[in-house]
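Quick notes on the structure that follows.
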Amino acid sequence: MPDVAIAETSTQTRTFDAIIIGAGIAGIYQLYRLRELGFSVRVFETGTDLGGTWYWNRYPGARFDSESYTYAFSFSDDLLRDWNWSEHFAAQPETLRYLNHVADRFDLRRDMQFNSRVTAASFDEATDRWTVTLDTGERHEARFLITAIGPLSADTMPRIPGVGDFKGQSFHTYRWPKEPVDFAGKRVAVIGTGATGVQVIQTIAPQVAQLTVFQRTPNWCTPLNNRPISEEEQRQIKANYPAMFALLRTTPGCYVHDADPRGTFEVTEAEREAFWEQRYKEPGFGIWQANFRDMLTDPKANALFSDFVARKIRQRVKDPAVADMLIPKCHGFGTRRVPQETFYYEAFNLPHVKLVDVKATPIERITETGIQTSDASFDFDIIVYATGFDAITGAFDRIDFRGRGGQSLKDKWRDGPRTYLGLQSAGFPNMLTIVGPHNASTRCNIPRCIEQNVDWATDLLRHVRDTGRTRFEATEAAEAEWTQHIQELAADLLYTKIDSWATGINTNVDGKNVRRILQYQGGAPAYRAKCDEVATQGYAGMVLGRI
Ligand SMILES: Cc1cc2nc3c(=O)[nH]c(=O)nc-3n(C[C@H](O)[C@H](O)[C@H](O)COP(=O)(O)OP(=O)(O)OC[C@H]3O[C@@H](n4cnc5c(N)ncnc54)[C@H](O)[C@@H]3O)c2cc1C
């Protein structure tokens with residue numbers, strides 16, 4: 001039986017069946033599912049409201065690179081029928097409205113507690129319960145602890161001296177204010193040219209008086225080719241939902257795109273060029289996910305396609321020296337996340353937009369009035385830090401998780417995560433990590449994998465409850481085998497040879513300077529099949545017990 005619903009154990013401490021950390025897509029859906037089980041649940045969220053990624057990232061130009069309708073929740077036909085996406089790739093305000101609509105429609109908000117950052121969580125072996133501590137000092141208990149803390153939610157500022165000295169306005173893109181920022185006529189710096197920097201730059205470039213972009217590593221950006229959804233398309237999308245979700249279950253990344261079965265060198269040069277031209281014109285990630293099957297594994301194939309994209313950049317950027325700076329030299333196409341753009345390269349043709357290569361002329365410090373590089377001093381009204389995240393494991397490191405015997409998760413994962421299915425870690429009973437390291441989610445159109453993670457976790461909790469158990473835990477052996485499997489799956493992929501957030505590199509975080517395999521690379525269908533097999537075998541690789 002579940003614990004008594006929301007029992008008061010002191011004036012402040014309450015006991016729940018389950019505590020969920022985070023009110024993004026994962027936390028919202030996990031709450032919905034646990035309500036169905038009749039569990040008492042509390043969601044703790046740092047922000048003042050729900051939405052996760054789409055609550056925090058309010059910077060100009062923030063939008064999907066998944067097709068809106070492929071990203072939405074699939075669990076409710078009524079919800080699918082009711083909601084109309086306005087664009088193929090919706091902007092952040094629309095997605096935040098959508099998530100609020102979901103929460104209101106299913107009355108989810110009443111179990112969410114905002115302004116509540118979880119600082120610590122510890123497991124008590126005597127009671128098989130977790131105690132969770134908030135930054136407010138509150139402590140609450142639960143049989144089960146579910147992390148839904150996000151793969152890209154631990155924002156990082158650059159380690160540049162003087163960051164606090166600047167007297168103008170400055171913002172990290174994740175911590176964007178709720179009120180709009182007025183860029184008109186301003187002198188603006190953007191530091192960082194990853195997916196977020198690209199979206200900001202292309203959006204504000206036409207509004208500002210001066211824009212200076214500080215680039216360390218250029219990325220291979222390809223056109224988003226976004227457009228509004230017409231009424232006729234809306235009808236077709238809705239009629240096609242069952243077929244579309246069935247298709248998304250078959251592709252490795254749960255996108256509508258799948259690799260072309262042909263190898264790069266199995267077609268003539270003319271066929272290859274025509275195929276790539278077509279992909280360049282199409283919307284979304286097709287150019288990355290539906291390219292020739294060897295593009296991400298064969299260095300020669302990858303180099304040839306990278307040349308194709310480099311030619312596109314040269315065609316679009318008028319100044320050949322600037323074009324050259326924008327062409328990546330240290331990694332091939334698709335080995336880092338591909339930013340999708342609209343007007344990014346053309347922005348550098350505007351007379352008031354300047355590109356600074358900080359590898360050639362490093363930023364020495366942020367000053368009261370702007371930025372000092374090794375060869376120039378710039379004055380700004382606004383500095384935008386598009387400097388990204390301590391990805392995948394960062395949000396875990398920021399909570400002091402203590403498992404059996406008081407062991408620390410941060411210490412356990414210091415040399416890289418060790419997990420079972422990317423959903424549990426041995427020594428941390430009754431804890432599930434939705435979108436955790438080593439699961440398929442972060443290579444995925446994420447809500448599709450979130451739904452799988454959450455459905456699996458919910459079935460496990462139902463099983464534990466219905467069989468009268470109070471505890472589940474991955475075995476060390478199952479964890480070692482899964483962690484080894486994760487390494488083997490990634491061995492031949494070009495991306496593992498590259499520094500990026502996906503390989504755990506972040507020069508702004510201590511200890512994140514060694515590449516690690518953080519993601520399951522076998523594709524979502526194989527991952528789903530493995531999780532299902534584990535469940536069918538009565539949760540093989542796990543020990544289920546009772547006090
Ligand atoms: C700008 C941007 C665009 C993106 N676009 C796409 C896209 O098009 N397609 C795609 O598949 N993915 C995209 N992603 C990835 C995106 O993060 C996921 O799609 C999805 O939002 C992850 O949902 P989540 O619930 O797992 O995490 P999040 O949405 O990150 O939510 C996690 C929540 O946990 C909270 N939290 C974290 N730590 C604590 C704590 N200690 N205590 C309390 N609360 C805590 C955070 O405040 C946050 O609200 C994008 C990411 C970014 C940053």
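FYI, nothing fancy with the structure tokens labels: chains A, B, ... in order, residues from 1 per chain, ligands from 1 as they appear.
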Selection within 7 Å of ligand 1 by only C-alpha atoms and all ligand atoms, output as a compact mmCIF listing (two decimals) with all heavy atoms, in the first residue's frame:
# COMPACT_ATOMS: atom_id res chain seq x y z
N ILE A 21 11.77 15.85 -8.27
CA ILE A 21 12.53 17.12 -8.29
C ILE A 21 12.49 17.65 -9.73
O ILE A 21 12.99 16.99 -10.64
CB ILE A 21 13.99 16.95 -7.84
CG1 ILE A 21 14.10 16.07 -6.58
CG2 ILE A 21 14.62 18.31 -7.59
CD1 ILE A 21 15.54 15.79 -6.15
N GLY A 22 11.90 18.82 -9.92
CA GLY A 22 11.87 19.46 -11.23
C GLY A 22 10.49 19.43 -11.86
O GLY A 22 9.82 18.39 -11.88
N ALA A 23 10.06 20.59 -12.36
CA ALA A 23 8.73 20.70 -12.97
C ALA A 23 8.82 21.06 -14.45
O ALA A 23 8.10 21.91 -14.96
CB ALA A 23 7.90 21.72 -12.21
N GLY A 24 9.77 20.41 -15.16
CA GLY A 24 9.82 20.52 -16.61
C GLY A 24 8.94 19.43 -17.22
O GLY A 24 8.07 18.86 -16.55
N ILE A 25 9.20 19.12 -18.49
CA ILE A 25 8.42 18.10 -19.20
C ILE A 25 8.40 16.79 -18.40
O ILE A 25 7.35 16.16 -18.24
CB ILE A 25 9.08 17.78 -20.57
CG1 ILE A 25 9.28 19.05 -21.39
CG2 ILE A 25 8.32 16.70 -21.32
CD1 ILE A 25 8.25 19.36 -22.38
N ALA A 26 9.56 16.40 -17.88
CA ALA A 26 9.66 15.12 -17.19
C ALA A 26 8.88 15.13 -15.87
O ALA A 26 8.14 14.19 -15.57
CB ALA A 26 11.14 14.78 -16.92
N GLY A 27 9.05 16.20 -15.09
CA GLY A 27 8.35 16.28 -13.81
C GLY A 27 6.84 16.36 -13.99
O GLY A 27 6.08 15.74 -13.23
N PHE A 44 9.07 19.44 -6.29
CA PHE A 44 9.80 20.63 -5.84
C PHE A 44 10.53 21.25 -7.04
O PHE A 44 11.22 20.54 -7.78
CB PHE A 44 10.80 20.29 -4.74
CG PHE A 44 10.12 19.84 -3.48
CD1 PHE A 44 10.23 18.52 -3.05
CD2 PHE A 44 9.34 20.72 -2.75
CE1 PHE A 44 9.59 18.10 -1.89
CE2 PHE A 44 8.68 20.30 -1.59
CZ PHE A 44 8.80 18.99 -1.16
N GLU A 45 10.37 22.54 -7.20
CA GLU A 45 10.92 23.22 -8.38
C GLU A 45 11.58 24.53 -7.94
O GLU A 45 10.99 25.33 -7.21
CB GLU A 45 9.79 23.48 -9.38
CG GLU A 45 10.09 24.48 -10.48
CD GLU A 45 11.29 24.12 -11.35
OE1 GLU A 45 11.36 23.00 -11.88
OE2 GLU A 45 12.19 24.98 -11.49
N THR A 46 12.81 24.75 -8.44
CA THR A 46 13.55 25.98 -8.12
C THR A 46 12.83 27.22 -8.64
O THR A 46 12.78 28.25 -7.97
CB THR A 46 14.95 25.93 -8.79
OG1 THR A 46 15.63 24.75 -8.38
CG2 THR A 46 15.78 27.14 -8.44
N GLY A 47 12.29 27.14 -9.85
CA GLY A 47 11.68 28.31 -10.49
C GLY A 47 10.40 28.75 -9.79
O GLY A 47 9.87 28.05 -8.93
N LEU A 50 6.20 26.36 -13.42
CA LEU A 50 6.58 25.13 -14.13
C LEU A 50 7.09 25.45 -15.54
O LEU A 50 6.98 26.57 -16.01
CB LEU A 50 5.37 24.20 -14.20
CG LEU A 50 4.09 24.74 -14.86
CD1 LEU A 50 4.10 24.57 -16.37
CD2 LEU A 50 2.87 24.03 -14.27
N GLY A 51 7.60 24.42 -16.20
CA GLY A 51 8.01 24.58 -17.60
C GLY A 51 9.46 24.22 -17.88
O GLY A 51 9.83 23.97 -19.02
N GLY A 52 10.31 24.22 -16.83
CA GLY A 52 11.70 23.80 -17.03
C GLY A 52 12.40 24.63 -18.09
O GLY A 52 12.40 25.87 -18.04
N THR A 53 12.98 23.96 -19.06
CA THR A 53 13.68 24.62 -20.16
C THR A 53 12.89 25.80 -20.71
O THR A 53 13.43 26.86 -21.00
CB THR A 53 13.89 23.58 -21.30
OG1 THR A 53 14.84 22.63 -20.85
CG2 THR A 53 14.37 24.22 -22.58
N TRP A 54 11.58 25.62 -20.84
CA TRP A 54 10.75 26.63 -21.51
C TRP A 54 10.28 27.71 -20.56
O TRP A 54 9.71 28.72 -20.97
CB TRP A 54 9.59 25.93 -22.25
CG TRP A 54 10.17 24.86 -23.12
CD1 TRP A 54 10.14 23.52 -22.91
CD2 TRP A 54 10.95 25.07 -24.31
NE1 TRP A 54 10.86 22.87 -23.88
CE2 TRP A 54 11.35 23.79 -24.76
CE3 TRP A 54 11.35 26.19 -25.04
CZ2 TRP A 54 12.13 23.61 -25.90
CZ3 TRP A 54 12.12 26.02 -26.18
CH2 TRP A 54 12.51 24.73 -26.59
N TYR A 55 10.52 27.50 -19.28
CA TYR A 55 10.30 28.54 -18.26
C TYR A 55 11.53 29.45 -18.19
O TYR A 55 11.42 30.67 -18.12
CB TYR A 55 10.03 27.88 -16.90
CG TYR A 55 10.19 28.81 -15.73
CD1 TYR A 55 9.13 29.61 -15.29
CD2 TYR A 55 11.42 28.92 -15.07
CE1 TYR A 55 9.30 30.49 -14.22
CE2 TYR A 55 11.58 29.79 -14.00
CZ TYR A 55 10.53 30.57 -13.58
OH TYR A 55 10.70 31.44 -12.53
N ASN A 57 14.50 29.63 -20.33
CA ASN A 57 15.18 30.18 -21.53
C ASN A 57 14.26 31.13 -22.29
O ASN A 57 13.70 30.79 -23.32
CB ASN A 57 15.62 29.04 -22.45
CG ASN A 57 16.72 28.21 -21.85
OD1 ASN A 57 17.89 28.55 -21.95
ND2 ASN A 57 16.35 27.12 -21.18
N ALA A 62 14.55 32.07 -28.72
CA ALA A 62 14.52 30.69 -28.20
C ALA A 62 13.36 29.94 -28.85
O ALA A 62 12.22 30.40 -28.82
CB ALA A 62 14.34 30.70 -26.68
N ARG A 63 13.67 28.82 -29.44
CA ARG A 63 12.60 28.01 -30.07
C ARG A 63 13.05 26.58 -30.26
O ARG A 63 14.21 26.23 -30.09
CB ARG A 63 12.15 28.62 -31.40
CG ARG A 63 13.12 28.58 -32.55
CD ARG A 63 12.47 29.01 -33.86
NE ARG A 63 11.95 30.37 -33.86
CZ ARG A 63 10.68 30.70 -33.97
NH1 ARG A 63 9.76 29.77 -34.11
NH2 ARG A 63 10.31 31.97 -33.98
N PHE A 64 12.09 25.74 -30.66
CA PHE A 64 12.36 24.32 -30.91
C PHE A 64 13.32 24.09 -32.06
O PHE A 64 13.32 24.84 -33.05
CB PHE A 64 11.07 23.63 -31.37
CG PHE A 64 10.09 23.29 -30.29
CD1 PHE A 64 8.72 23.39 -30.54
CD2 PHE A 64 10.50 22.82 -29.06
CE1 PHE A 64 7.79 23.04 -29.59
CE2 PHE A 64 9.56 22.48 -28.10
CZ PHE A 64 8.20 22.59 -28.37
N ASP A 65 14.01 22.96 -31.99
CA ASP A 65 14.55 22.39 -33.23
C ASP A 65 13.91 21.03 -33.51
O ASP A 65 14.20 20.41 -34.52
CB ASP A 65 16.08 22.37 -33.28
CG ASP A 65 16.72 21.92 -32.00
OD1 ASP A 65 16.09 21.14 -31.28
OD2 ASP A 65 17.87 22.34 -31.74
N SER A 66 13.04 20.58 -32.62
CA SER A 66 12.15 19.46 -32.94
C SER A 66 10.88 20.06 -33.56
O SER A 66 10.48 21.16 -33.16
CB SER A 66 11.69 18.73 -31.68
OG SER A 66 12.78 18.20 -30.98
N TYR A 71 7.18 17.03 -30.61
CA TYR A 71 7.74 17.27 -29.27
C TYR A 71 6.65 17.17 -28.21
O TYR A 71 6.92 16.82 -27.06
CB TYR A 71 8.38 18.66 -29.26
CG TYR A 71 9.16 19.01 -28.00
CD1 TYR A 71 10.54 18.85 -27.94
CD2 TYR A 71 8.52 19.52 -26.88
CE1 TYR A 71 11.26 19.19 -26.80
CE2 TYR A 71 9.23 19.86 -25.73
CZ TYR A 71 10.60 19.70 -25.70
OH TYR A 71 11.30 20.04 -24.55
N SER A 116 11.49 26.33 -4.62
CA SER A 116 11.93 25.28 -3.70
C SER A 116 13.04 24.46 -4.33
O SER A 116 12.80 23.47 -5.03
CB SER A 116 10.74 24.35 -3.38
OG SER A 116 9.72 25.07 -2.75
N ARG A 117 14.26 24.93 -4.13
CA ARG A 117 15.40 24.20 -4.70
C ARG A 117 15.81 23.09 -3.76
O ARG A 117 15.99 23.33 -2.55
CB ARG A 117 16.58 25.17 -4.93
CG ARG A 117 17.76 24.54 -5.65
CD ARG A 117 18.74 25.60 -6.12
NE ARG A 117 19.31 26.33 -5.02
CZ ARG A 117 20.35 25.93 -4.29
NH1 ARG A 117 20.95 24.79 -4.58
NH2 ARG A 117 20.80 26.68 -3.30
N VAL A 118 15.95 21.90 -4.28
CA VAL A 118 16.42 20.78 -3.47
C VAL A 118 17.94 20.87 -3.37
O VAL A 118 18.63 20.93 -4.39
CB VAL A 118 15.99 19.43 -4.08
CG1 VAL A 118 16.63 18.27 -3.33
CG2 VAL A 118 14.47 19.31 -4.09
N THR A 119 18.43 20.92 -2.14
CA THR A 119 19.89 21.02 -1.95
C THR A 119 20.50 19.67 -1.59
O THR A 119 21.68 19.43 -1.85
CB THR A 119 20.23 22.03 -0.84
OG1 THR A 119 19.53 21.64 0.34
CG2 THR A 119 19.82 23.44 -1.23
N ALA A 148 13.91 14.76 -11.98
CA ALA A 148 13.49 15.23 -13.31
C ALA A 148 14.13 16.60 -13.48
O ALA A 148 13.47 17.59 -13.77
CB ALA A 148 11.97 15.30 -13.37
N ILE A 149 15.45 16.63 -13.23
CA ILE A 149 16.16 17.91 -13.03
C ILE A 149 16.80 18.45 -14.31
O ILE A 149 17.41 19.51 -14.27
CB ILE A 149 17.21 17.79 -11.90
CG1 ILE A 149 18.13 16.57 -12.13
CG2 ILE A 149 16.53 17.69 -10.55
CD1 ILE A 149 19.14 16.32 -11.00
N GLY A 150 16.60 17.71 -15.43
CA GLY A 150 16.98 18.28 -16.71
C GLY A 150 18.42 18.05 -17.11
O GLY A 150 19.32 18.11 -16.28
N PRO A 151 18.63 17.81 -18.43
CA PRO A 151 19.99 17.63 -18.93
C PRO A 151 20.70 18.96 -19.17
O PRO A 151 21.92 19.01 -19.22
CB PRO A 151 19.76 16.91 -20.27
CG PRO A 151 18.40 17.33 -20.71
CD PRO A 151 17.59 17.57 -19.46
N LEU A 152 19.91 20.01 -19.36
CA LEU A 152 20.48 21.33 -19.65
C LEU A 152 19.84 22.35 -18.72
O LEU A 152 19.07 23.22 -19.13
CB LEU A 152 20.22 21.70 -21.13
CG LEU A 152 20.80 20.74 -22.17
CD1 LEU A 152 20.36 21.12 -23.59
CD2 LEU A 152 22.33 20.74 -22.11
N SER A 153 20.12 22.19 -17.44
CA SER A 153 19.51 23.08 -16.45
C SER A 153 20.52 23.63 -15.45
O SER A 153 20.16 24.42 -14.59
CB SER A 153 18.40 22.33 -15.70
OG SER A 153 18.97 21.25 -15.00
N THR A 196 22.23 28.10 -28.56
CA THR A 196 21.56 29.26 -27.98
C THR A 196 22.12 30.56 -28.53
O THR A 196 21.36 31.45 -28.93
CB THR A 196 21.73 29.21 -26.44
OG1 THR A 196 20.90 28.16 -25.94
CG2 THR A 196 21.34 30.51 -25.79
N ALA A 395 23.26 19.06 -13.07
CA ALA A 395 22.17 19.27 -12.09
C ALA A 395 22.25 18.24 -10.96
O ALA A 395 21.85 18.52 -9.83
CB ALA A 395 20.82 19.22 -12.78
N ARG A 398 24.84 19.29 -8.36
CA ARG A 398 24.45 20.44 -7.52
C ARG A 398 23.51 20.04 -6.37
O ARG A 398 23.05 20.89 -5.61
CB ARG A 398 23.80 21.52 -8.39
CG ARG A 398 24.82 22.15 -9.33
CD ARG A 398 24.27 23.24 -10.22
NE ARG A 398 25.30 23.69 -11.15
CZ ARG A 398 25.19 24.74 -11.95
NH1 ARG A 398 24.09 25.48 -11.93
NH2 ARG A 398 26.17 25.07 -12.77
N ILE A 399 23.19 18.75 -6.26
CA ILE A 399 22.39 18.26 -5.13
C ILE A 399 23.25 17.24 -4.39
O ILE A 399 23.90 16.40 -5.01
CB ILE A 399 21.09 17.57 -5.64
CG1 ILE A 399 20.22 18.58 -6.41
CG2 ILE A 399 20.31 16.96 -4.47
CD1 ILE A 399 18.99 17.97 -7.07
N ILE A 434 15.03 10.25 -14.28
CA ILE A 434 14.42 10.48 -15.60
C ILE A 434 15.36 11.40 -16.40
O ILE A 434 15.85 12.40 -15.86
CB ILE A 434 13.02 11.15 -15.45
CG1 ILE A 434 12.15 10.38 -14.46
CG2 ILE A 434 12.34 11.29 -16.80
CD1 ILE A 434 11.91 8.93 -14.79
N VAL A 435 15.61 11.06 -17.66
CA VAL A 435 16.58 11.78 -18.51
C VAL A 435 17.95 11.79 -17.83
O VAL A 435 18.72 12.75 -17.93
CB VAL A 435 16.14 13.22 -18.84
CG1 VAL A 435 16.95 13.80 -20.00
CG2 VAL A 435 14.68 13.32 -19.22
N CYS A 444 17.76 12.16 -28.07
CA CYS A 444 16.39 11.89 -28.48
C CYS A 444 15.63 13.20 -28.66
O CYS A 444 16.01 14.22 -28.11
CB CYS A 444 15.78 11.08 -27.34
SG CYS A 444 14.22 10.34 -27.65
N ASN A 445 14.58 13.16 -29.42
CA ASN A 445 13.53 14.18 -29.37
C ASN A 445 12.93 13.98 -27.97
O ASN A 445 12.16 13.06 -27.74
CB ASN A 445 12.55 13.88 -30.50
CG ASN A 445 11.46 14.88 -30.61
OD1 ASN A 445 11.48 15.94 -29.99
ND2 ASN A 445 10.47 14.53 -31.40
N ILE A 446 13.35 14.81 -27.03
CA ILE A 446 13.37 14.41 -25.62
C ILE A 446 12.02 13.97 -25.03
O ILE A 446 11.97 12.97 -24.31
CB ILE A 446 14.07 15.50 -24.77
CG1 ILE A 446 15.57 15.43 -25.06
CG2 ILE A 446 13.79 15.33 -23.28
CD1 ILE A 446 16.47 16.18 -24.09
N PRO A 447 10.92 14.64 -25.33
CA PRO A 447 9.67 14.17 -24.69
C PRO A 447 9.28 12.74 -25.06
O PRO A 447 8.66 12.04 -24.25
CB PRO A 447 8.62 15.16 -25.22
CG PRO A 447 9.42 16.39 -25.50
CD PRO A 447 10.72 15.89 -26.05
May I have all residues of region 106-209 of chain A that DSSP, computed from the backbone, assigns to strand (DSSP E), given as a VMD selection string? chain A and resid 112 to 113 118 to 124 129 to 134 139 to 147 169 to 172 187 to 191
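Of the listed residues A:Asn349, A:Thr433, A:Thr15, A:Ser170, the one whose atoms come nearest to Arg314 (chain A) is A:Asn349, with distances taken using only C-alpha atoms.
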Kindly indicate which residue among A:Ile204, A:Val256, A:Leu494, A:Met244 lies nearest to Pro283 (chain A), using only C-alpha atoms for the distances. A:Val256
Which residues are close to Thr250 (chain A), i.e. within 9 Å by only C-alpha atoms, leaving aside same-chain residues fewer than 6 positions away? Reply as a list in words.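 Listed by chain and then number, they are Asp258, Ala524 and Pro525 of chain A.
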If DSSP is run on the backbone, what residues of region 99-330 of chain A are alpha helix (DSSP H)? A reply as a count of residues only would be ideal. 76
